[in-house]
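Below is input38.txt, holding compact mmCIF, C-alpha atoms.
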# COMPACT_ATOMS: atom_id res chain seq x y z
CA MET J 110 105.19 143.86 202.98
CA ALA J 111 103.11 141.23 201.18
CA GLY J 112 103.97 140.62 197.52
CA PRO J 113 101.37 140.33 194.74
CA SER J 114 101.38 136.51 194.80
CA ARG J 115 100.88 136.42 198.57
CA ILE J 116 97.93 138.81 198.30
CA VAL J 117 96.22 136.56 195.75
CA GLN J 118 96.98 133.46 197.83
CA ASP J 119 95.42 135.13 200.86
CA LEU J 120 92.26 135.93 198.90
CA ARG J 121 92.01 132.35 197.66
CA ARG J 122 92.21 131.09 201.25
CA ALA J 123 89.33 133.36 202.31
CA ARG J 124 86.06 131.86 203.52
CA VAL J 125 83.45 134.32 202.30
CA LEU J 126 79.81 134.86 203.11
CA VAL J 127 77.84 137.01 200.66
CA VAL J 128 74.80 138.57 202.34
CA HIS J 129 72.88 139.89 199.37
CA PRO J 130 69.56 139.23 197.62
CA ARG J 131 69.88 136.57 194.91
CA ASP J 132 69.58 138.92 191.98
CA GLU J 133 71.84 139.87 189.09
CA ASP J 134 74.22 141.86 191.29
CA GLY J 135 74.46 139.03 193.80
CA ASP J 136 75.17 136.52 191.03
CA VAL J 137 77.92 138.74 189.56
CA LEU J 138 79.63 139.00 192.94
CA ILE J 139 79.39 135.30 193.75
CA ALA J 140 80.60 134.23 190.32
CA HIS J 141 83.60 136.61 190.48
CA LEU J 142 84.63 135.38 193.91
CA LYS J 143 84.33 131.76 192.84
CA ARG J 144 86.50 132.43 189.79
CA LEU J 145 89.14 133.76 192.16
CA GLY J 146 89.11 130.38 193.88
CA CYS J 147 87.97 131.23 197.40
CA GLU J 148 85.23 129.43 199.31
CA VAL J 149 81.95 131.30 198.87
CA ARG J 150 78.54 130.92 200.49
CA ALA J 151 75.53 133.15 200.00
CA THR J 152 72.51 134.00 202.12
CA TRP J 153 69.76 136.57 202.42
CA PRO J 154 68.67 138.06 204.73
CA LEU J 155 71.40 138.32 207.35
CA PRO J 156 71.23 135.15 209.49
CA PRO J 157 71.03 135.16 213.31
CA ALA J 158 74.67 134.05 213.42
CA LEU J 159 77.52 133.68 210.95
CA PRO J 160 78.91 130.26 210.02
CA PRO J 161 81.81 129.66 212.44
CA ASP J 162 84.51 129.44 209.78
CA VAL J 163 83.62 132.63 207.86
CA ASP J 164 86.35 135.29 207.90
CA THR J 165 85.03 137.79 205.32
CA VAL J 166 81.51 139.14 204.79
CA PHE J 167 80.19 141.03 201.77
CA LEU J 168 77.12 142.75 203.22
CA HIS J 169 74.35 144.55 201.36
CA VAL J 170 73.70 147.25 203.95
CA GLU J 171 70.25 148.29 202.75
CA ASP J 172 67.42 146.59 204.66
CA VAL J 173 69.85 145.29 207.27
CA HIS J 174 69.49 146.00 210.98
CA VAL J 175 72.88 147.55 211.73
CA GLU J 176 72.87 146.70 215.45
CA HIS J 177 72.20 143.04 214.68
CA ALA J 178 74.93 143.03 212.03
CA LEU J 179 77.39 144.63 214.44
CA ALA J 180 76.63 142.08 217.15
CA ILE J 181 77.28 139.00 215.05
CA ILE J 182 80.19 140.44 213.04
CA ASP J 183 82.02 141.78 216.12
CA LEU J 184 81.50 138.45 217.86
CA GLN J 185 83.33 136.65 215.07
CA GLN J 186 85.65 139.53 214.13
CA THR J 187 85.37 139.17 210.36
CA ALA J 188 86.48 141.50 207.60
CA ILE J 189 83.46 143.31 206.17
CA ILE J 190 82.88 144.81 202.74
CA ALA J 191 79.75 146.95 202.56
CA ILE J 192 77.64 146.91 199.41
CA VAL J 193 75.60 150.06 198.77
CA THR J 194 73.11 151.12 196.12
CA TYR J 195 73.08 154.84 196.88
CA GLU J 196 75.45 157.05 198.84
CA SER J 197 72.60 158.15 201.06
CA PRO J 198 73.12 159.47 204.60
CA THR J 199 71.62 156.23 205.92
CA ALA J 200 74.00 154.07 203.89
CA LEU J 201 77.01 156.19 204.88
CA GLN J 202 76.03 155.96 208.55
CA ALA J 203 75.72 152.18 208.26
CA ILE J 204 79.18 151.96 206.69
CA ILE J 205 80.66 154.01 209.54
CA ASP J 206 78.78 152.16 212.29
CA LEU J 207 79.87 148.81 210.88
CA ASN J 208 83.47 150.04 210.58
CA ALA J 209 83.47 148.53 207.09
CA HIS J 210 86.92 147.60 205.81
CA GLY J 211 85.87 148.15 202.20
CA VAL J 212 82.93 149.45 200.14
CA ILE J 213 81.60 148.54 196.69
CA SER J 214 78.75 150.24 194.87
CA LYS J 215 75.93 148.80 192.79
CA PRO J 216 75.44 147.93 190.03
CA LEU J 217 78.23 145.43 190.74
CA ARG J 218 80.91 144.89 188.13
CA PRO J 219 83.97 142.64 188.39
CA LEU J 220 86.24 145.68 188.16
CA GLY J 221 86.84 146.95 191.70
CA ILE J 222 85.64 143.90 193.64
CA LEU J 223 89.12 142.39 193.89
CA THR J 224 90.63 145.68 195.05
CA GLN J 225 88.11 146.16 197.84
CA PHE J 226 88.38 142.48 198.80
CA ALA J 227 92.17 142.72 199.16
CA LEU J 228 91.99 146.08 200.93
CA ALA J 229 89.38 144.85 203.40
CA ARG J 230 91.35 141.75 204.35
CA TYR J 231 94.55 143.79 204.74
CA ARG J 232 92.82 146.38 206.94
CA HIS J 233 91.19 143.68 209.03
CA GLY J 234 94.50 141.89 209.52
CA TYR J 235 96.22 145.15 210.43
CA GLU J 236 93.55 145.94 213.01
CA LYS J 237 93.94 142.48 214.56
CA ARG J 238 97.72 142.87 214.78
CA LEU J 239 97.35 146.33 216.28
CA ALA J 240 94.80 145.06 218.82
CA GLY J 241 97.20 142.25 219.74
CA LYS J 242 100.01 144.72 220.38
CA VAL J 243 97.75 146.90 222.52
CA GLN J 244 96.67 143.87 224.54
CA LYS J 245 100.29 142.86 225.14
CA LEU J 246 101.12 146.40 226.28
CA GLU J 247 98.15 146.40 228.64
CA GLU J 248 99.22 143.04 230.05
CA THR J 249 102.78 144.31 230.51
CA LEU J 250 101.55 147.42 232.34
CA LYS J 251 99.24 145.34 234.51
CA SER J 252 102.10 142.98 235.41
CA ARG J 253 104.35 145.92 236.23
CA ARG J 254 101.71 147.42 238.55
CA LEU J 255 101.26 144.06 240.28
CA VAL J 256 105.01 143.71 240.79
CA GLU J 257 105.28 147.24 242.19
CA LYS J 258 102.41 146.58 244.59
CA ALA J 259 103.90 143.24 245.67
CA VAL J 260 107.30 144.84 246.26
CA SER J 261 105.62 147.44 248.45
CA ALA J 262 103.80 144.67 250.35
CA LEU J 263 107.04 142.76 250.96
CA ARG J 264 108.70 145.90 252.26
CA VAL J 265 105.88 146.38 254.75
CA MET J 266 105.56 142.75 255.80
CA ASN J 267 109.24 141.82 255.95
CA GLY J 268 110.99 145.13 256.51
CA LEU J 269 112.96 144.84 253.27
CA ASP J 270 114.30 147.64 251.16
CA GLU J 271 113.01 147.96 247.61
CA GLU J 272 115.95 146.20 245.97
CA ALA J 273 115.82 143.24 248.35
CA ALA J 274 112.04 142.93 248.02
CA TYR J 275 112.28 142.93 244.22
CA LYS J 276 115.09 140.32 244.31
CA LEU J 277 113.01 138.07 246.58
CA LEU J 278 110.06 138.33 244.24
CA ARG J 279 112.23 137.65 241.18
CA ASP J 280 113.98 134.68 242.80
CA GLN J 281 110.65 133.12 243.81
CA ALA J 282 109.34 133.46 240.25
CA THR J 283 112.54 131.94 238.85
CA SER J 284 112.55 128.99 241.25
CA LYS J 285 108.88 128.21 240.59
CA ARG J 286 109.23 128.91 236.85
CA VAL J 287 106.25 131.23 236.74
CA PRO J 288 105.91 134.91 235.73
CA MET J 289 106.72 137.48 238.40
CA ALA J 290 103.14 138.74 238.13
CA THR J 291 101.87 135.34 239.34
CA ILE J 292 104.00 135.51 242.49
CA ALA J 293 103.03 139.16 242.92
CA GLU J 294 99.32 138.28 242.85
CA SER J 295 99.87 135.66 245.58
CA ILE J 296 101.72 138.17 247.78
CA ILE J 297 99.04 140.83 247.31
CA ALA J 298 96.30 138.29 248.05
CA ALA J 299 98.10 137.23 251.24
CA GLN J 300 98.41 140.84 252.36
CA ASP J 301 94.73 141.49 251.64
CA THR J 302 93.75 138.35 253.59
CA MET J 303 95.77 139.44 256.60
CA LYS J 304 94.19 142.89 256.46
CA SER J 305 90.68 141.42 256.28
CA LEU J 306 91.42 139.30 259.38
CA GLY J 307 92.74 142.32 261.27
CA LEU J 308 96.21 140.82 261.55
CA SER J 309 99.33 142.94 261.75
CA ILE J 310 101.23 142.96 258.50
CA GLY J 311 104.19 145.09 259.53
CA ALA J 312 107.62 143.53 260.08
CA LYS J 313 108.51 143.00 263.73
CA THR J 314 111.49 144.92 265.00
CA GLN J 315 114.02 143.48 267.41
CA PRO J 316 113.95 144.96 270.95

Could I get this file's structure written as structure tokens?
Amino acid sequence: MAGPSRIVQDLRRARVLVVHPRDEDGDVLIAHLKRLGCEVRATWPLPPALPPDVDTVFLHVEDVHVEHALAIIDLQQTAIIAIVTYESPTALQAIIDLNAHGVISKPLRPLGILTQFALARYRHGYEKRLAGKVQKLEETLKSRRLVEKAVSALRVMNGLDEEAAYKLLRDQATSKRVPMATIAESIIAAQDTMKSLGLSIGAKTQP
């Protein structure tokens, strides 16, 4: 669990883009973020693409094309804090569609900005960690399926039992210092090539 000092340090390291008209509310937000010590840039309207180093976006959702915002924010995977004037159905739908990590309401006041800023960056980081775990699980499952298929192929091609086929696959991966899935892919590709050429892939039996 992050302590208070680490939370503040994380906010100060943030590279923020404020997408808001340059009015009193926009000036309040920018000034408050700069006092915190983080890097802040401002623009309006939403640009065709985000600066490459931006990791957090404060976005005034009114008068913004949500599909365009989604496209450029998802591409860069930034934390997003929605800024709304009214809790209208349109604004609420935009917040949901954007999967905003935080929300602040106008008129903007310093009180509450820091809380939503910290919450948004925490939620965004949590989502990234969760996505990373899911990806690793998917890769593990994919590797397991490849190994199972390769073991089956070795049994067919070489007449091995399951334990011997698995040991052969494991020993090959160890000797070549590559993952078992890499060897498995090669075995499966070889079997598929033999099938496409109409060659027999079954192990020959002794007369």

Between range 229-282 of chain J and range 160-184 of chain J, at 10 Å or less, what are the per-residue closest atom pairs and their distances in Å? Count only C-alpha atoms, order by chain and rising residue number, and return it as a tab-separated table.
residue	atom	partner	partner_atom	distance
J:Ala229	CA	J:Thr165	CA	8.5
J:Arg230	CA	J:Thr165	CA	7.5
J:His233	CA	J:Thr165	CA	9.3

Problem - Among listed residues J:Lys258, J:Pro113, J:Tyr195, J:Ala140, nearest Tyr275 in chain J (using only C-alpha atoms) - result: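 Comparing J:Lys258, J:Pro113, J:Tyr195, J:Ala140 against Tyr275 in chain J, the winner is J:Lys258.
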
Exercise for the section: Quick one: everything within 10 Å of Ala227 in chain J, counting all atoms listed in the file, minus sequence neighbours fewer than 4 positions away in the same chain. Send it as a list in words. Expected result: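 Residues near the query, excluding close chain neighbours: Ile116, Val117, Asp119, Leu120, His210, Gly211, Ile222, Leu223, Tyr231, Arg232 and His233 of chain J.
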
Exercise for the section: Identify the residues around (105.5, 136.1, 237.8) within a radius of 12 Å, measuring from only C-alpha atoms in the coordinates stated by the file, and give them as a ChimeraX atom specification. Expected result: /J:249,251-257,259,275,277-296

Problem - Separation of CA of Arg264 in chain J from CA of Thr302 in chain J, in Å and rounded to one decimal - result: 16.8 Å

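CA of Ala151 in chain J is positioned 8.3 Å from CA of Arg131 in chain J.
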
Exercise for the section: Would you please work out which residue, of J:Leu250, J:Ile205, J:Val127, J:Ile297, is nearest to His141 in chain J when using only C-alpha atoms? Expected result: J:Val127

Handout entry: From J:Leu269, J:Val128, J:Met303, J:Leu239, residue lying nearest Ala191 in chain J [only C-alpha atoms]
Key = J:Val128

Handout entry: Which residue of J:Asp206, J:Lys215, J:Ile189, J:Arg144 approaches Asp132 in chain J most closely, using only C-alpha atoms
Key =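 That would be J:Lys215, the residue with the smallest distance to Asp132 in chain J.
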
Practice task
Could you jot down the CA of Pro130 in chain J to CA of Ser214 in chain J separation for me, Å, one decimal place?
Solution key: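 The value is 14.6 Å.
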
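Nearest to Val265 in chain J of all the residues J:Lys242, J:Pro219, J:Val212, J:Gln300 is J:Gln300, based on only C-alpha atoms.
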
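Compared by their closest atoms to Arg122 in chain J, and using all atoms listed in the file, the residues J:Cys147, J:Val137, J:Leu142, J:Ala262 rank with J:Cys147 nearest.
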